[in-house]
Each structure stands twice: as C-alpha cells, then as structure tokens.
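Notes follow the structure.
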Amino acid sequence: MDNLRRVKMAHLPTPVEPMPCLTRGLNGPRLFVKRDDQTGLALGGNKTRKLEFLLADALAAGAETLITAGAVQSNHCRQTAAAARRAGLACILVLSGEKPNQASGNLLLDQLLGAEIVWAARDTRDHVLSEAYVAAEEAGRRPYLIPYGGSNAVGAQGYVHAVEELMQQVNSGSVLPEPPDWIVFASSSGGTQAGLVLGAKLFNFPGKILAISVDEEQSVLQQRVAALASLAANLRGMTLAFESEQVLVNSDYLGGGYGILGEPEKEAISLFARCEGLLLDPVYTGRAAAGLIDLIRQGYFRRDELVLFWHTGGSPALFAQQYQTSLADQLV
Ligand SMILES: *Cc1c(COP(=O)(O)O)cnc(C)c1O
C-alpha cells in the first residue's frame, strides 16, 4: 500500500509540547502544540512534509526545475526554493503582487536561495504560471509544476504520515497523556487538512480535526479538502470517497482577508509569545490561534478535553516589512 516515493528532508518526529501558561490563562481545555514550525528546511513549516513527496515525484520524472506560485510572502515558495536547491534543481517562483523596493521576510529568503522570480498581477497569476512553465519546457529545462501550497494528492501524503507520527507519539505515552480530542490548525489550500483527514482514517485517530480557514468560505474549503482527501486515498491504491460534511472547517475568522493582519491576530501572536515563548506568523498561525482563543473563550471546548494546536510554521513572515511595522507599532 505504501510505496509512495519520498525524499527525507524533514526533522521528524516534530516535538509535542504542553502549553501550561495558555491553558491556565484562558481557563480552558488542556492545550498542547505540535511543533511543525520545527520541521527544518529553510526555517521550517508545514510545506516540508509535502515537499518530501513532491520532490521525490519530480526527481522520478527527471525534472531539472521546480516551478510554483504564491503570494509575495508565501512560505510554500520559500520552502520549495530550498527543496530545489537541496536536490540541485533550479526553481522558478511566480509571485502575485508588486515587486517591493526592498525584499524582506520570505521574499528575501527566496532571493537568497537563488529562485528566479516572475511577477504577476493576482488575476493573471495562473496565466503567467502556465506561460512560465511552457517557456521553461521549450528551453529544455525540464520543469515540474507544483500547485499552490503544494496541495495535490502527492503533497497531501506528507500529512497522512504526520498522523501516523502523532499516533506513535500518543501510543508511546511520553508526550501526551491521552489522544487529543481536537486538532486545531490553519487551513488554506487544503493539502494539510486533506492529509490529516485521510491519515486520521488510516491510523485510527479518535479525535476531531478542526480547521480554522484563513481565506476561504466554509463550504468551498470543505469541498476542496474532501476532494483532495479522496484523490490522496486513490494514490495509495484505495477507493475512499470523502464527503464535505465529514470535513470540519470554521470560517468565522477571515478578518480583513488573506494576509491582512488585524487585532485578533496581533493579540494571538503576542499571547503565544509572552505566555509560551512561541512565535506564530501574521498570515496563518496567528489567525488560527486567534480562532482557537475565541472558541475557548466562548466555551466551545469542554475543560477536560485535550486540544492540540498544530503549529504549521510561517514565522519568517514576521520580518516582512509590512507586518514588522504593524507589530512594532502595536507592541511599544
Ligand atoms: C501553507 C500554510 C498553511 C496552510 O496549509 P494548506 O495545506 O495550504 O492548507 C498553514 N500555515 C502556514 C504557516 C502555511 O505556510
């Protein structure tokens, strides 16, 4: 069943740690964190696990260039650039937005990693991406296309295995007193969630998997994740069809939209930092943590439950000019 190719790059298993100060301070359920901000690969994050499978697939296809797309501060693009370099491949990134005067945060790291950057307006990004792909192909550069966020059936396998890893940590009894009742995390392109949903089924995870949507309406993300989880199962030679209703998504925390750092995110970032010494990010984990905090305050979880916040990384974006300025103003 498990003959999927994989290039080992991640530092695994990632630690699971208690968050006693937040548990007390919020008078909430028992809170733990899964440290996928510590996966390694150019400062780590959830894309490392996906890229282990995507890079293996690319190498098997004889690729010489990885090509993908994302926002200016995309963690996925930064980590794809790093994965390409480790394997001796070139990397082309199609970034949406305007080229800033000075690179900072993830964009600075993209440049440091020697990625070739193509700029595109948000609404023409797909078109520019396929043009760049064709140009690379015609130039004999053997491009391999990785979708947004690395979220396809191949990339999702990384999070299928992450559930297996978590269940081993649960069963060892050394890091968690019992299996989590809930996993809470940030979801956007859906590959992380699809892998978790499929992995939960395959490895008998008994709890619930609750995504805080970063930028999509609930039903859109539910459908995307259900379809991706079904495809990811097919890739493993299994016929499993997931339905939207089996996918838990909360989209009450979209705030000002993708990448807009608002008050709830700022509060969550400073609370995690000051209480637990943990660094979140302005786009994904800051928003997911803000949702988690609000749900705890609303009494959504029982106090005897165990909630695992899955930290998906992203902290390099803290040093992107716009976020740095906004956070610094808040914290003086
Ligand atoms: C990409 C990303 C996510 C979202 O993961 P998806 O698989 O795209 O849903 C969450 N957190 C961080 C830090 C990310 O970079």
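Letters for chains follow the order of the structure tokens (A, B, ...), residue numbers begin at 1 for each chain, and ligand numbers begin at 1 in the order shown.
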Subject >> Protein and nucleic acid residues within 6 Å of ligand 1 (only C-alpha atoms and all ligand atoms) as a count of residues only >> reply: 17
**OP:** Check the DSSP output for the backbone and give back, as an NGL selection string, the residues of segment 35-131 of chain A in strand (DSSP E).
**Re:** :A and (35 or 65-71 or 90-96 or 116-120)
Give me a file of those residues, with all heavy atoms, as a CSV table (one decimal), in the first residue's frame.
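As written to disk, again_6.csv reads:
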```
chain,number,residue,atom,x,y,z
A,35,ARG,N,4.9,20.8,17.0
A,35,ARG,CA,5.9,21.8,16.5
A,35,ARG,C,6.3,21.7,15.1
A,35,ARG,O,7.5,21.5,14.8
A,35,ARG,CB,7.1,21.9,17.4
A,35,ARG,CG,6.7,22.3,18.9
A,35,ARG,CD,6.3,23.7,19.1
A,35,ARG,NE,7.2,24.7,18.5
A,35,ARG,CZ,8.3,25.2,19.1
A,35,ARG,NH1,8.5,24.8,20.3
A,35,ARG,NH2,9.0,26.1,18.5
A,65,THR,N,13.9,21.5,-13.0
A,65,THR,CA,13.4,22.8,-12.5
A,65,THR,C,12.1,22.6,-11.8
A,65,THR,O,11.2,22.0,-12.3
A,65,THR,CB,13.2,23.8,-13.7
A,65,THR,OG1,14.4,23.9,-14.4
A,65,THR,CG2,12.8,25.2,-13.2
A,66,LEU,N,12.0,23.2,-10.5
A,66,LEU,CA,10.7,23.2,-9.9
A,66,LEU,C,10.1,24.6,-10.2
A,66,LEU,O,10.7,25.6,-10.2
A,66,LEU,CB,10.8,23.0,-8.4
A,66,LEU,CG,11.4,21.7,-7.8
A,66,LEU,CD1,11.4,21.7,-6.3
A,66,LEU,CD2,10.8,20.5,-8.4
A,67,ILE,N,8.8,24.5,-10.5
A,67,ILE,CA,8.1,25.8,-10.7
A,67,ILE,C,6.8,25.8,-9.9
A,67,ILE,O,6.0,24.8,-9.9
A,67,ILE,CB,7.8,26.1,-12.2
A,67,ILE,CG1,7.0,27.3,-12.4
A,67,ILE,CG2,7.2,24.9,-12.9
A,67,ILE,CD1,7.1,27.8,-13.9
A,68,THR,N,6.5,26.9,-9.2
A,68,THR,CA,5.3,27.0,-8.4
A,68,THR,C,4.9,28.5,-8.3
A,68,THR,O,5.6,29.4,-8.8
A,68,THR,CB,5.4,26.3,-7.0
A,68,THR,OG1,4.1,26.2,-6.4
A,68,THR,CG2,6.3,27.1,-6.1
A,69,ALA,N,3.8,28.8,-7.6
A,69,ALA,CA,3.3,30.1,-7.5
A,69,ALA,C,2.8,30.4,-6.1
A,69,ALA,O,2.5,29.4,-5.3
A,69,ALA,CB,2.2,30.4,-8.5
A,70,GLY,N,2.7,31.7,-5.7
A,70,GLY,CA,2.1,32.0,-4.4
A,70,GLY,C,2.1,33.5,-4.2
A,70,GLY,O,2.4,34.3,-5.1
A,71,ALA,N,1.8,33.9,-3.0
A,71,ALA,CA,1.8,35.3,-2.6
A,71,ALA,C,3.3,35.8,-2.4
A,71,ALA,O,4.2,35.0,-2.3
A,71,ALA,CB,1.0,35.5,-1.4
A,90,ALA,N,16.9,23.9,-10.3
A,90,ALA,CA,16.6,25.3,-10.4
A,90,ALA,C,15.2,25.5,-9.9
A,90,ALA,O,14.4,24.5,-9.7
A,90,ALA,CB,16.7,25.8,-11.8
A,91,CYS,N,14.8,26.7,-9.6
A,91,CYS,CA,13.4,27.0,-9.1
A,91,CYS,C,12.9,28.3,-9.7
A,91,CYS,O,13.6,29.3,-9.6
A,91,CYS,CB,13.5,27.1,-7.6
A,91,CYS,SG,11.8,27.4,-6.9
A,92,ILE,N,11.7,28.2,-10.2
A,92,ILE,CA,11.0,29.4,-10.7
A,92,ILE,C,9.8,29.7,-9.8
A,92,ILE,O,9.0,28.8,-9.6
A,92,ILE,CB,10.6,29.3,-12.2
A,92,ILE,CG1,11.8,29.0,-13.1
A,92,ILE,CG2,9.8,30.5,-12.7
A,92,ILE,CD1,11.5,28.6,-14.5
A,93,LEU,N,9.7,30.9,-9.3
A,93,LEU,CA,8.5,31.3,-8.5
A,93,LEU,C,7.7,32.3,-9.2
A,93,LEU,O,8.3,33.4,-9.5
A,93,LEU,CB,9.0,31.8,-7.1
A,93,LEU,CG,9.8,30.8,-6.3
A,93,LEU,CD1,10.3,31.5,-5.0
A,93,LEU,CD2,9.0,29.6,-5.9
A,94,VAL,N,6.4,32.1,-9.4
A,94,VAL,CA,5.5,33.1,-9.9
A,94,VAL,C,4.8,33.8,-8.7
A,94,VAL,O,4.0,33.1,-8.0
A,94,VAL,CB,4.5,32.6,-10.9
A,94,VAL,CG1,3.5,33.7,-11.3
A,94,VAL,CG2,5.3,32.0,-12.1
A,95,LEU,N,5.2,35.0,-8.4
A,95,LEU,CA,4.6,35.7,-7.2
A,95,LEU,C,3.6,36.7,-7.6
A,95,LEU,O,3.8,37.5,-8.5
A,95,LEU,CB,5.7,36.3,-6.4
A,95,LEU,CG,6.8,35.4,-5.9
A,95,LEU,CD1,7.8,36.2,-5.0
A,95,LEU,CD2,6.3,34.2,-5.0
A,96,SER,N,2.5,36.7,-6.9
A,96,SER,CA,1.4,37.7,-7.2
A,96,SER,C,1.6,39.0,-6.4
A,96,SER,O,1.9,38.9,-5.2
A,96,SER,CB,0.0,37.1,-7.0
A,96,SER,OG,-0.1,36.7,-5.7
A,116,GLU,N,14.4,32.1,-9.3
A,116,GLU,CA,14.1,33.0,-10.3
A,116,GLU,C,12.6,33.5,-10.1
A,116,GLU,O,11.7,32.7,-10.1
A,116,GLU,CB,14.2,32.4,-11.7
A,116,GLU,CG,15.6,31.9,-12.0
A,116,GLU,CD,15.5,30.8,-13.1
A,116,GLU,OE1,14.9,31.0,-14.1
A,116,GLU,OE2,16.2,29.7,-12.9
A,117,ILE,N,12.5,34.8,-10.0
A,117,ILE,CA,11.1,35.3,-9.6
A,117,ILE,C,10.5,36.0,-10.8
A,117,ILE,O,11.1,36.8,-11.5
A,117,ILE,CB,11.2,36.2,-8.4
A,117,ILE,CG1,11.7,35.4,-7.2
A,117,ILE,CG2,9.9,36.9,-8.1
A,117,ILE,CD1,12.1,36.2,-6.0
A,118,VAL,N,9.2,35.6,-11.1
A,118,VAL,CA,8.4,36.2,-12.1
A,118,VAL,C,7.2,36.9,-11.4
A,118,VAL,O,6.5,36.2,-10.6
A,118,VAL,CB,7.9,35.1,-13.1
A,118,VAL,CG1,7.0,35.7,-14.2
A,118,VAL,CG2,9.0,34.3,-13.7
A,119,TRP,N,7.0,38.1,-11.7
A,119,TRP,CA,5.9,38.9,-11.0
A,119,TRP,C,4.7,38.8,-11.8
A,119,TRP,O,4.7,38.9,-13.1
A,119,TRP,CB,6.3,40.3,-10.7
A,119,TRP,CG,7.4,40.4,-9.7
A,119,TRP,CD1,8.8,40.4,-10.0
A,119,TRP,CD2,7.3,40.3,-8.3
A,119,TRP,NE1,9.5,40.4,-8.8
A,119,TRP,CE2,8.6,40.3,-7.8
A,119,TRP,CE3,6.2,40.2,-7.4
A,119,TRP,CZ2,8.8,40.3,-6.4
A,119,TRP,CZ3,6.4,40.2,-6.1
A,119,TRP,CH2,7.7,40.2,-5.6
A,120,ALA,N,3.5,38.7,-11.2
A,120,ALA,CA,2.2,38.6,-11.9
A,120,ALA,C,1.2,39.3,-11.1
A,120,ALA,O,1.2,39.3,-9.9
A,120,ALA,CB,1.8,37.2,-12.1
```
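The gap separating atom CA of Val184 of chain A from atom CA of Glu267 of chain A is 17.8 Å, in Å to one decimal.
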Original post:
What does the distance from atom CA of Glu178 of chain A to atom CA of Phe242 of chain A come to in Å, to one decimal?
Top reply: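 For atom CA of Glu178 of chain A relative to atom CA of Phe242 of chain A, the distance reads 26.8 Å.
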